[in-house]
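This is entry_26.txt. It holds compact mmCIF, C-alpha atoms and all ligand atoms.
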```
# COMPACT_ATOMS: atom_id res chain seq x y z
CA MET A 1 0.00 0.00 0.00
CA SER A 2 1.34 3.46 -0.75
CA LEU A 3 0.16 6.90 0.18
CA ASP A 4 -0.41 9.06 -2.88
CA THR A 5 0.61 12.54 -1.71
CA PRO A 6 0.64 15.44 -4.16
CA PHE A 7 4.11 16.59 -5.22
CA ARG A 8 5.26 19.75 -3.47
CA SER A 9 7.97 21.72 -5.24
CA CYS A 10 10.25 24.63 -4.34
CA THR A 11 8.31 27.09 -6.54
CA ASP A 12 6.96 28.98 -3.53
CA THR A 13 9.89 28.42 -1.19
CA PRO A 14 10.98 31.78 0.23
CA VAL A 15 14.53 32.62 -0.82
CA LEU A 16 17.12 33.40 1.85
CA LYS A 17 18.94 36.42 0.39
CA GLU A 18 22.42 37.15 1.71
CA ARG A 19 24.78 39.98 0.87
CA GLY A 20 28.16 39.74 2.52
CA GLN A 21 31.64 38.45 1.94
CA ARG A 22 31.84 35.99 -0.96
CA GLU A 23 34.27 33.16 -1.57
CA VAL A 24 34.06 32.62 -5.33
CA PHE A 25 36.26 32.84 -8.39
CA CYS A 26 35.89 35.84 -10.68
CA GLY A 27 34.51 35.81 -14.23
CA LEU A 28 37.96 35.45 -15.81
CA THR A 29 37.61 31.73 -15.08
CA GLY A 30 35.21 31.36 -18.03
CA ILE A 31 38.06 32.08 -20.43
CA ILE A 32 39.45 28.65 -19.60
CA TRP A 33 36.59 26.85 -21.34
CA LEU A 34 35.70 29.58 -23.84
CA HIS A 35 39.17 29.71 -25.40
CA ARG A 36 38.99 25.99 -26.07
CA LYS A 37 35.57 26.32 -27.67
CA MET A 38 36.12 29.35 -29.94
CA GLN A 39 39.00 28.27 -32.10
CA ASP A 40 39.80 31.56 -33.83
CA ALA A 41 39.23 33.82 -30.83
CA PHE A 42 41.76 35.36 -28.47
CA PHE A 43 41.03 36.65 -24.97
CA LEU A 44 43.26 39.51 -23.94
CA VAL A 45 42.81 40.22 -20.25
CA VAL A 46 43.73 43.75 -19.34
CA GLY A 47 44.77 43.08 -15.78
CA SER A 48 47.43 42.49 -13.19
CA ARG A 49 49.87 39.69 -12.45
CA THR A 50 47.23 38.21 -10.14
CA CYS A 51 44.88 37.84 -13.13
CA ALA A 52 47.66 36.24 -15.19
CA HIS A 53 48.41 33.81 -12.36
CA LEU A 54 44.74 32.90 -11.94
CA LEU A 55 44.45 32.05 -15.63
CA GLN A 56 47.69 30.13 -15.72
CA ALA A 57 46.87 28.18 -12.59
CA ALA A 58 43.37 27.33 -13.80
CA ALA A 59 44.56 26.54 -17.32
CA GLY A 60 47.53 24.58 -16.04
CA VAL A 61 45.32 21.55 -15.62
CA MET A 62 44.05 21.76 -19.19
CA ILE A 63 45.84 20.56 -22.30
CA PHE A 64 45.88 22.95 -25.21
CA ALA A 65 48.12 23.40 -28.21
CA GLU A 66 48.05 27.08 -29.12
CA PRO A 67 47.41 29.58 -26.35
CA ARG A 68 44.35 31.62 -27.11
CA PHE A 69 44.46 33.91 -24.13
CA GLY A 70 46.96 36.26 -22.57
CA THR A 71 47.21 39.11 -20.11
CA ALA A 72 48.24 42.65 -20.92
CA ILE A 73 49.75 43.38 -17.54
CA LEU A 74 49.12 46.76 -16.03
CA GLU A 75 52.37 47.84 -14.39
CA GLU A 76 52.63 50.15 -11.44
CA LYS A 77 53.17 53.18 -13.65
CA ASP A 78 49.89 52.37 -15.46
CA LEU A 79 48.09 52.07 -12.17
CA ALA A 80 49.49 55.42 -11.15
CA GLY A 81 48.08 56.84 -14.39
CA LEU A 82 51.54 57.82 -15.65
CA ALA A 83 51.41 55.93 -18.92
CA ASP A 84 48.87 56.21 -21.65
CA ALA A 85 47.34 52.79 -21.17
CA ASN A 86 45.28 53.12 -24.35
CA ALA A 87 48.32 53.74 -26.56
CA GLU A 88 50.05 50.75 -24.99
CA LEU A 89 46.98 48.59 -25.46
CA ASP A 90 46.79 49.56 -29.15
CA ARG A 91 50.46 48.66 -29.56
CA GLU A 92 50.07 45.30 -27.80
CA VAL A 93 47.01 44.42 -29.88
CA ALA A 94 48.77 45.37 -33.15
CA ARG A 95 51.75 43.22 -32.16
CA LEU A 96 49.53 40.27 -31.22
CA LEU A 97 47.46 40.40 -34.41
CA SER A 98 50.46 40.70 -36.70
CA ARG A 99 52.03 37.65 -35.01
CA ARG A 100 48.79 35.65 -35.01
CA PRO A 101 46.90 36.00 -38.31
CA ASP A 102 44.66 33.08 -37.27
CA ILE A 103 42.86 35.33 -34.76
CA ARG A 104 39.46 36.47 -36.08
CA GLN A 105 37.77 37.55 -32.84
CA LEU A 106 39.57 39.46 -30.14
CA PHE A 107 37.99 39.98 -26.73
CA LEU A 108 39.39 42.69 -24.50
CA VAL A 109 38.55 41.39 -21.05
CA GLY A 110 38.20 43.82 -18.17
CA SER A 111 39.52 42.95 -14.70
CA CYS A 112 39.48 44.53 -11.24
CA PRO A 113 42.60 46.63 -11.94
CA SER A 114 41.37 47.89 -15.32
CA GLU A 115 38.10 48.87 -13.68
CA VAL A 116 39.73 50.55 -10.73
CA ILE A 117 41.85 52.76 -12.98
CA LYS A 118 38.85 53.15 -15.28
CA ILE A 119 40.27 52.08 -18.63
CA ASP A 120 37.31 52.33 -20.98
CA LEU A 121 37.58 48.96 -22.73
CA ALA A 122 34.27 49.41 -24.58
CA ARG A 123 35.76 52.50 -26.24
CA ALA A 124 39.06 50.73 -26.83
CA ALA A 125 37.28 47.78 -28.47
CA GLU A 126 35.35 50.14 -30.74
CA ARG A 127 38.53 51.96 -31.72
CA LEU A 128 40.48 48.75 -32.34
CA ASP A 129 37.57 47.21 -34.24
CA GLY A 130 37.72 50.21 -36.59
CA VAL A 131 41.43 49.61 -37.12
CA HIS A 132 41.43 45.83 -37.56
CA ALA A 133 38.05 45.15 -39.26
CA PRO A 134 37.09 43.25 -41.33
CA ASN A 135 39.83 40.71 -40.56
CA VAL A 136 39.31 40.81 -36.82
CA ARG A 137 36.25 41.66 -34.80
CA VAL A 138 37.16 43.31 -31.49
CA LEU A 139 34.68 43.09 -28.59
CA ASN A 140 34.94 43.59 -24.86
CA PHE A 141 33.44 42.25 -21.68
CA SER A 142 34.23 42.27 -17.99
CA GLY A 143 35.54 39.32 -16.00
CA SER A 144 36.30 41.47 -12.99
CA GLY A 145 35.73 40.01 -9.55
CA ILE A 146 34.03 43.27 -8.60
CA GLU A 147 31.30 42.69 -11.18
CA THR A 148 31.21 38.99 -11.92
CA THR A 149 31.51 35.60 -10.31
CA PHE A 150 32.87 32.44 -11.85
CA THR A 151 30.44 31.55 -14.66
CA GLU A 152 29.22 35.09 -15.29
CA GLY A 153 32.30 35.61 -17.48
CA GLU A 154 30.78 33.33 -20.13
CA ASP A 155 27.50 35.19 -19.88
CA ALA A 156 29.23 38.56 -20.27
CA CYS A 157 31.25 37.25 -23.23
CA LEU A 158 28.26 35.81 -25.12
CA ALA A 159 26.12 38.88 -24.32
CA SER A 160 28.85 41.08 -25.84
CA MET A 161 28.63 39.09 -29.07
CA VAL A 162 24.85 39.30 -29.52
CA PRO A 163 24.53 42.91 -30.76
CA ALA A 164 27.18 42.20 -33.42
CA LEU A 165 25.50 39.06 -34.80
CA PRO A 166 24.10 39.42 -38.32
CA ALA A 167 20.34 39.81 -38.76
CA THR A 168 18.10 37.20 -40.35
CA ASP A 169 14.42 36.43 -40.91
CA ALA A 170 15.11 32.72 -41.22
CA THR A 171 13.30 30.31 -38.89
CA GLU A 172 16.13 28.73 -36.98
CA LEU A 173 16.82 27.13 -33.63
CA LEU A 174 19.71 28.63 -31.70
CA VAL A 175 21.28 26.66 -28.83
CA VAL A 176 23.09 28.97 -26.43
CA GLY A 177 25.97 28.09 -24.09
CA ALA A 178 29.44 26.61 -24.48
CA LEU A 179 29.53 22.82 -24.52
CA PRO A 180 32.51 20.54 -25.15
CA ASP A 181 32.54 19.67 -28.87
CA VAL A 182 31.78 16.00 -28.31
CA VAL A 183 28.71 16.81 -26.20
CA GLU A 184 27.56 19.44 -28.67
CA ASP A 185 27.85 16.90 -31.51
CA GLN A 186 25.69 14.38 -29.60
CA MET A 187 23.05 17.07 -29.02
CA LEU A 188 23.12 18.25 -32.64
CA SER A 189 22.75 14.73 -33.97
CA LEU A 190 19.69 14.09 -31.76
CA LEU A 191 18.16 17.43 -32.81
CA ALA A 192 18.78 16.59 -36.47
CA ALA A 193 17.20 13.15 -36.08
CA MET A 194 14.17 14.79 -34.43
CA GLY A 195 13.83 17.06 -37.48
CA ALA A 196 14.74 20.27 -35.62
CA GLY A 197 17.10 21.67 -38.28
CA PRO A 198 18.52 24.14 -39.10
CA VAL A 199 20.23 24.45 -35.71
CA ARG A 200 22.88 27.04 -34.86
CA THR A 201 25.01 27.42 -31.75
CA LEU A 202 26.35 30.33 -29.73
CA PRO A 203 29.29 30.37 -29.24
CA ALA A 204 30.22 28.89 -32.61
CA ARG A 205 33.49 27.02 -32.99
CA ARG A 206 34.70 29.48 -35.62
CA SER A 207 33.69 33.07 -36.35
CA THR A 208 32.66 32.06 -39.88
CA ASP A 209 29.90 29.95 -38.30
CA LEU A 210 28.48 32.69 -36.10
CA PRO A 211 24.69 32.49 -36.03
CA ALA A 212 22.41 35.19 -37.38
CA VAL A 213 19.49 36.25 -35.22
CA GLY A 214 16.08 37.81 -35.79
CA PRO A 215 12.34 37.64 -35.12
CA ASN A 216 12.04 34.01 -36.25
CA THR A 217 14.91 32.75 -34.13
CA ARG A 218 13.85 30.42 -31.31
CA PHE A 219 16.59 29.97 -28.75
CA ILE A 220 17.19 27.67 -25.81
CA LEU A 221 19.91 27.78 -23.17
CA VAL A 222 22.03 24.81 -22.14
CA GLN A 223 23.66 26.68 -19.24
CA PRO A 224 21.67 28.24 -16.41
CA PHE A 225 24.01 31.20 -15.91
CA LEU A 226 23.28 33.03 -19.17
CA GLY A 227 20.77 35.63 -17.97
CA ALA A 228 22.39 38.61 -19.73
CA THR A 229 22.75 36.68 -23.00
CA HIS A 230 19.10 35.62 -22.70
CA ALA A 231 18.06 39.28 -22.32
CA ALA A 232 20.30 40.41 -25.21
CA LEU A 233 18.80 37.81 -27.58
CA ILE A 234 15.25 38.85 -26.64
CA LYS A 235 16.28 42.43 -27.40
CA ARG A 236 17.27 41.25 -30.89
CA GLY A 237 13.73 39.90 -31.36
CA ALA A 238 14.47 36.21 -30.72
CA THR A 239 12.01 34.07 -28.71
CA PRO A 240 13.22 31.99 -25.75
CA ILE A 241 12.19 28.38 -25.18
CA SER A 242 11.71 27.73 -21.48
CA ALA A 243 12.82 24.34 -20.16
CA PRO A 244 14.69 22.61 -17.36
CA PHE A 245 18.40 22.34 -18.12
CA PRO A 246 19.75 19.20 -19.79
CA PHE A 247 21.30 17.54 -16.74
CA GLY A 248 20.40 13.92 -16.20
CA GLU A 249 17.94 11.79 -18.14
CA GLU A 250 14.88 13.71 -17.02
CA GLY A 251 16.33 17.19 -17.58
CA SER A 252 17.62 16.22 -21.03
CA THR A 253 14.29 14.71 -22.06
CA LEU A 254 12.27 17.72 -20.88
CA TRP A 255 14.75 19.99 -22.69
CA PHE A 256 14.31 18.10 -25.99
CA HIS A 257 10.54 17.98 -25.48
CA ALA A 258 10.45 21.76 -25.02
CA VAL A 259 12.31 22.20 -28.31
CA ALA A 260 9.97 19.75 -30.02
CA GLU A 261 6.91 21.57 -28.76
CA ALA A 262 8.23 25.02 -29.71
CA LEU A 263 9.08 23.86 -33.23
CA GLY A 264 5.91 21.76 -33.65
CA LEU A 265 7.84 18.51 -34.21
CA ASP A 266 6.15 15.13 -34.38
CA ARG A 267 6.19 13.88 -30.77
CA ALA A 268 6.10 10.17 -31.67
CA LYS A 269 9.18 10.63 -33.85
CA VAL A 270 10.94 12.63 -31.13
CA ASP A 271 10.24 9.96 -28.53
CA ALA A 272 11.49 7.25 -30.89
CA VAL A 273 14.76 9.19 -31.39
CA LEU A 274 15.21 9.72 -27.64
CA ALA A 275 14.22 6.21 -26.49
CA ALA A 276 17.63 4.51 -26.71
CA PRO A 277 19.75 7.31 -25.15
CA ARG A 278 17.10 7.73 -22.43
CA ALA A 279 17.24 4.04 -21.55
CA ARG A 280 21.05 4.09 -21.51
CA ALA A 281 21.10 7.15 -19.23
CA GLN A 282 18.50 5.70 -16.83
CA LYS A 283 20.47 2.47 -16.50
CA SER A 284 23.86 4.10 -16.03
CA VAL A 285 22.59 6.73 -13.56
CA ALA A 286 20.77 4.07 -11.52
CA ALA A 287 24.05 2.21 -11.01
CA VAL A 288 25.82 5.32 -9.62
CA ALA A 289 22.75 6.42 -7.63
CA GLU A 290 23.19 3.42 -5.29
CA THR A 291 26.01 5.34 -3.60
CA LEU A 292 24.01 8.58 -3.47
CA ARG A 293 20.56 7.43 -2.39
CA GLY A 294 19.47 8.91 0.95
CA LYS A 295 22.64 11.02 1.29
CA SER A 296 22.25 14.70 2.16
CA ILE A 297 23.91 17.48 0.14
CA PHE A 298 24.66 21.14 0.84
CA PHE A 299 25.49 23.54 -2.01
CA PHE A 300 27.50 26.72 -1.50
CA PRO A 301 26.81 29.30 -4.25
CA ASP A 302 29.42 29.11 -7.00
CA SER A 303 28.30 28.46 -10.55
CA GLN A 304 24.50 28.98 -10.81
CA LEU A 305 24.33 25.28 -11.72
CA GLU A 306 23.29 24.48 -8.15
CA ILE A 307 19.48 24.43 -8.52
CA PRO A 308 19.42 22.26 -11.68
CA LEU A 309 22.01 19.91 -10.15
CA ALA A 310 20.05 19.64 -6.90
CA ARG A 311 16.96 18.79 -8.97
CA PHE A 312 18.88 16.03 -10.81
CA LEU A 313 20.41 14.63 -7.63
CA ALA A 314 17.11 14.67 -5.74
CA ARG A 315 14.89 13.23 -8.46
CA GLU A 316 17.19 10.80 -10.25
CA CYS A 317 19.71 9.87 -7.58
CA GLY A 318 17.61 10.00 -4.39
CA MET A 319 19.79 12.58 -2.64
CA VAL A 320 18.36 14.97 -0.05
CA PRO A 321 19.34 18.63 -0.62
CA VAL A 322 19.64 20.52 2.68
CA GLU A 323 20.60 23.93 1.32
CA VAL A 324 20.90 24.96 -2.31
CA GLY A 325 22.87 28.18 -2.61
CA THR A 326 23.15 30.09 -5.86
CA PRO A 327 25.13 33.29 -6.49
CA TYR A 328 22.17 34.73 -8.34
CA LEU A 329 18.64 33.41 -8.79
CA HIS A 330 17.16 34.29 -12.20
CA ARG A 331 13.47 33.72 -11.51
CA GLU A 332 12.43 33.20 -15.13
CA LEU A 333 15.23 30.78 -16.03
CA MET A 334 14.88 28.85 -12.79
CA ALA A 335 11.07 28.55 -12.78
CA PRO A 336 11.00 25.13 -14.54
CA GLU A 337 13.74 23.85 -12.22
CA LEU A 338 12.12 25.07 -8.99
CA ALA A 339 8.86 23.45 -10.12
CA LEU A 340 10.66 20.08 -10.22
CA LEU A 341 12.87 20.40 -7.14
CA PRO A 342 11.15 18.63 -4.24
CA HIS A 343 10.18 20.91 -1.36
CA GLY A 344 12.52 20.83 1.63
CA PRO A 345 15.89 22.55 1.16
CA THR A 346 16.70 26.13 2.06
CA ILE A 347 17.12 28.06 -1.19
CA SER A 348 19.69 30.81 -0.68
CA GLU A 349 20.86 33.54 -3.02
CA GLY A 350 24.13 35.46 -2.69
CA GLN A 351 26.48 34.79 0.16
CA ASP A 352 27.56 35.80 3.60
CA VAL A 353 30.25 33.20 3.87
CA GLU A 354 30.60 33.03 7.67
CA LEU A 355 26.85 32.61 8.19
CA GLN A 356 26.71 29.98 5.50
CA LEU A 357 29.66 28.12 6.96
CA ASP A 358 27.82 28.02 10.29
CA ARG A 359 24.79 26.48 8.55
CA ALA A 360 26.97 23.96 6.69
CA ARG A 361 28.69 22.92 9.93
CA ALA A 362 25.34 22.56 11.67
CA ALA A 363 23.90 20.52 8.79
CA ARG A 364 26.98 18.25 8.44
CA ALA A 365 25.62 17.03 5.12
CA ASP A 366 27.03 13.83 3.64
CA LEU A 367 28.43 15.99 0.82
CA THR A 368 29.18 19.72 0.71
CA VAL A 369 29.71 21.33 -2.71
CA CYS A 370 31.89 24.42 -2.46
CA GLY A 371 34.82 26.37 -3.86
CA LEU A 372 38.45 25.36 -3.49
CA GLY A 373 39.07 27.86 -0.69
CA LEU A 374 36.39 26.38 1.56
CA ALA A 375 36.91 22.71 0.72
CA ASN A 376 40.17 22.14 2.61
CA PRO A 377 39.07 23.64 5.93
CA LEU A 378 35.76 21.78 5.75
CA GLU A 379 37.53 18.49 4.94
CA ALA A 380 39.76 19.11 7.95
CA GLU A 381 36.59 19.36 10.04
CA GLY A 382 35.52 15.95 8.79
CA LEU A 383 33.05 17.04 6.11
CA THR A 384 33.13 15.45 2.67
CA THR A 385 33.40 18.05 -0.10
CA LYS A 386 33.15 18.39 -3.84
CA TRP A 387 34.83 21.24 -5.73
CA ALA A 388 32.21 23.22 -7.63
CA ILE A 389 34.71 24.18 -10.32
CA GLU A 390 34.93 20.57 -11.54
CA LEU A 391 31.26 20.73 -12.48
CA VAL A 392 31.96 23.28 -15.20
CA PHE A 393 35.21 21.73 -16.39
CA THR A 394 33.75 18.24 -16.88
CA PRO A 395 31.36 17.25 -19.70
CA VAL A 396 28.08 16.78 -17.79
CA HIS A 397 25.22 17.71 -20.15
CA PHE A 398 22.73 15.38 -21.86
CA TYR A 399 22.24 11.62 -21.78
CA GLU A 400 25.66 10.12 -22.36
CA GLN A 401 27.21 12.24 -19.60
CA ALA A 402 24.43 11.76 -17.02
CA ALA A 403 26.19 8.93 -15.17
CA ASP A 404 29.49 10.88 -15.19
CA LEU A 405 27.63 13.77 -13.61
CA ALA A 406 26.27 11.53 -10.86
CA GLY A 407 29.75 10.02 -10.54
CA LEU A 408 31.25 13.42 -9.72
CA PHE A 409 29.14 13.42 -6.54
CA ALA A 410 29.52 9.72 -5.76
CA ARG A 411 33.34 9.69 -5.87
CA PRO A 412 34.03 11.82 -2.79
CA ILE A 413 31.38 9.87 -0.83
CA ARG A 414 33.00 6.57 -1.81
CA ARG A 415 36.45 7.94 -0.98
CA ARG A 416 35.28 9.02 2.47
CA ALA A 417 33.71 5.61 3.07
CA LEU A 418 37.02 3.92 2.23
CA LEU A 419 38.99 6.26 4.49
CA THR A 420 36.55 6.07 7.39
CA PRO A 421 34.64 2.78 7.06
CA GLU A 422 33.04 3.28 10.48
CA ALA A 423 31.28 6.43 9.18
CA ALA A 424 29.85 4.76 6.04
FE1 LIG A 501 41.68 38.79 -9.08
FE2 LIG A 501 40.07 40.67 -10.06
FE3 LIG A 501 42.04 39.68 -11.60
FE4 LIG A 501 39.91 38.19 -11.00
S1 LIG A 501 39.89 40.05 -12.22
S2 LIG A 501 42.07 37.53 -10.91
S3 LIG A 501 39.43 38.85 -8.91
S4 LIG A 501 42.28 40.85 -9.72
```

Whole structure given in structure tokens:
Amino acid sequence: MSLDTPFRSCTDTPVLKERGQREVFCGLTGIIWLHRKMQDAFFLVVGSRTCAHLLQAAAGVMIFAEPRFGTAILEEKDLAGLADANAELDREVARLLSRRPDIRQLFLVGSCPSEVIKIDLARAAERLDGVHAPNVRVLNFSGSGIETTFTEGEDACLASMVPALPATDATELLVVGALPDVVEDQMLSLLAAMGAGPVRTLPARRSTDLPAVGPNTRFILVQPFLGATHAALIKRGATPISAPFPFGEEGSTLWFHAVAEALGLDRAKVDAVLAAPRARAQKSVAAVAETLRGKSIFFFPDSQLEIPLARFLARECGMVPVEVGTPYLHRELMAPELALLPHGPTISEGQDVELQLDRARAARADLTVCGLGLANPLEAEGLTTKWAIELVFTPVHFYEQAADLAGLFARPIRRRALLTPEAA
């Protein structure tokens, strides 16, 4: 006998809003995955040695052949306003572009130092675009820790591209958000089999493939942190498709179904296309979920992936979210996710790190997802942690990656059980 209780979601859960000290990476971090994706782009950070070190340290774990990012380092004399930073920037850009004719898109990326000394990079980009067009398009965005956290760098980058995209009246689907090529190819082949073509992506791998946008463009996000890009595309007349994000079997299926409905595709055909990958994902996630079932999880706010991931872990892996923190809660983008997330956890937005640490210590969840800076001290206190940054550096979207996504959470729990068998 079972009791059939109606499902209660987090749609109406009051949000705990905190504004205090934050412990998160800045938006420069996004360059690490964007430079791999956009093969003829270059990201020139106008910043300090700290910015250069952050990029090198973060990129040090990645393998890449030709560097597609660099830092124009502001020296002390620039910071003191003694040098004409604009003239130096023009010289550096000219030198870079003459050495690297493969560069077709150049992003001037703002940082804390460039903002503090108020270098107008929007102006600089406009000026340099005039000089180097049509061979190179020069754009700018900010990755500064004053303005952005972690994944907001990608949002700022893509939003900077939208006004410069060509116009079209064509009826096209645009998928928005950087995915590893192999994952993007899986998604595109399923969309093609469903009959969703033509499909374009932003960012494109090369500038020659940049999508056009207009009143007949329907677009859908694959990353939850693209609020500014979402707004910029609407401003260009494109229509958003609202859906949960494609994490796990359920999220991926609802995402494809939303596309199918928006484009008026034949549902029976869509379900036939999705049947085999769905079955594979269900089976592979179920195997990993054995480690996760019944375990509690606490999310610090890092990437804006937290709410969709909590939904996946709760519904497909049987985990129990205690607190789900997000740096910023975009009500419209998160509505489909909150409607699926089972009622129970505290939903928090922003951060006051000391207060949140107190809550995490009191909760002593089986797994705490947080940034690198918090993980070590919490591990030392006997908590099991997962680094949030791995969630954006690992292919985790759509069916074939669903078990890997669950595995990212299962590994630290298994490791802890091996180290402290009495606690398992
Ligand atoms: Fe640090 Fe700011 Fe540079 Fe980011 S942009 S590395 S927060 S100085």

key: Neighbour list for Met194 in chain A as a count of residues only, cut-off 7 Å, all atoms listed in the file, skip fewer than 5 positions in-chain   = 3

ask   = In Å, with one decimal, what is the gap from CA of Thr326 in chain A to CA of Leu305 in chain A?
value =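 Answer for the CA of Thr326 in chain A to CA of Leu305 in chain A separation: 7.7 Å.
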
request  = Check the smallest atom-to-atom distance from each of A:Leu191, A:Ala262, A:Leu383, A:Ala406 to Arg293 in chain A using all atoms listed in the file, then report the winner.
outcome  =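 Comparing A:Leu191, A:Ala262, A:Leu383, A:Ala406 against Arg293 in chain A, the winner is A:Ala406.
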
ask   = Suppose you want the space between CA of Arg411 in chain A and CA of Ala380 in chain A; what is it in Å?
value =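 According to the coordinates, CA of Arg411 in chain A and CA of Ala380 in chain A are separated by 17.9 Å.
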
Thr217 in chain A surroundings by all atoms listed in the file, 9 Å radius, close-in-sequence under 4 positions cut, as a list of chain:residue names =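 Using all atoms listed in the file, the neighbours found are A:Thr168, A:Asp169, A:Ala170, A:Thr171, A:Glu172, A:Leu173, A:Leu174, A:Ala212, A:Val213, A:Gly237, A:Ala238, A:Thr239, A:Pro240.
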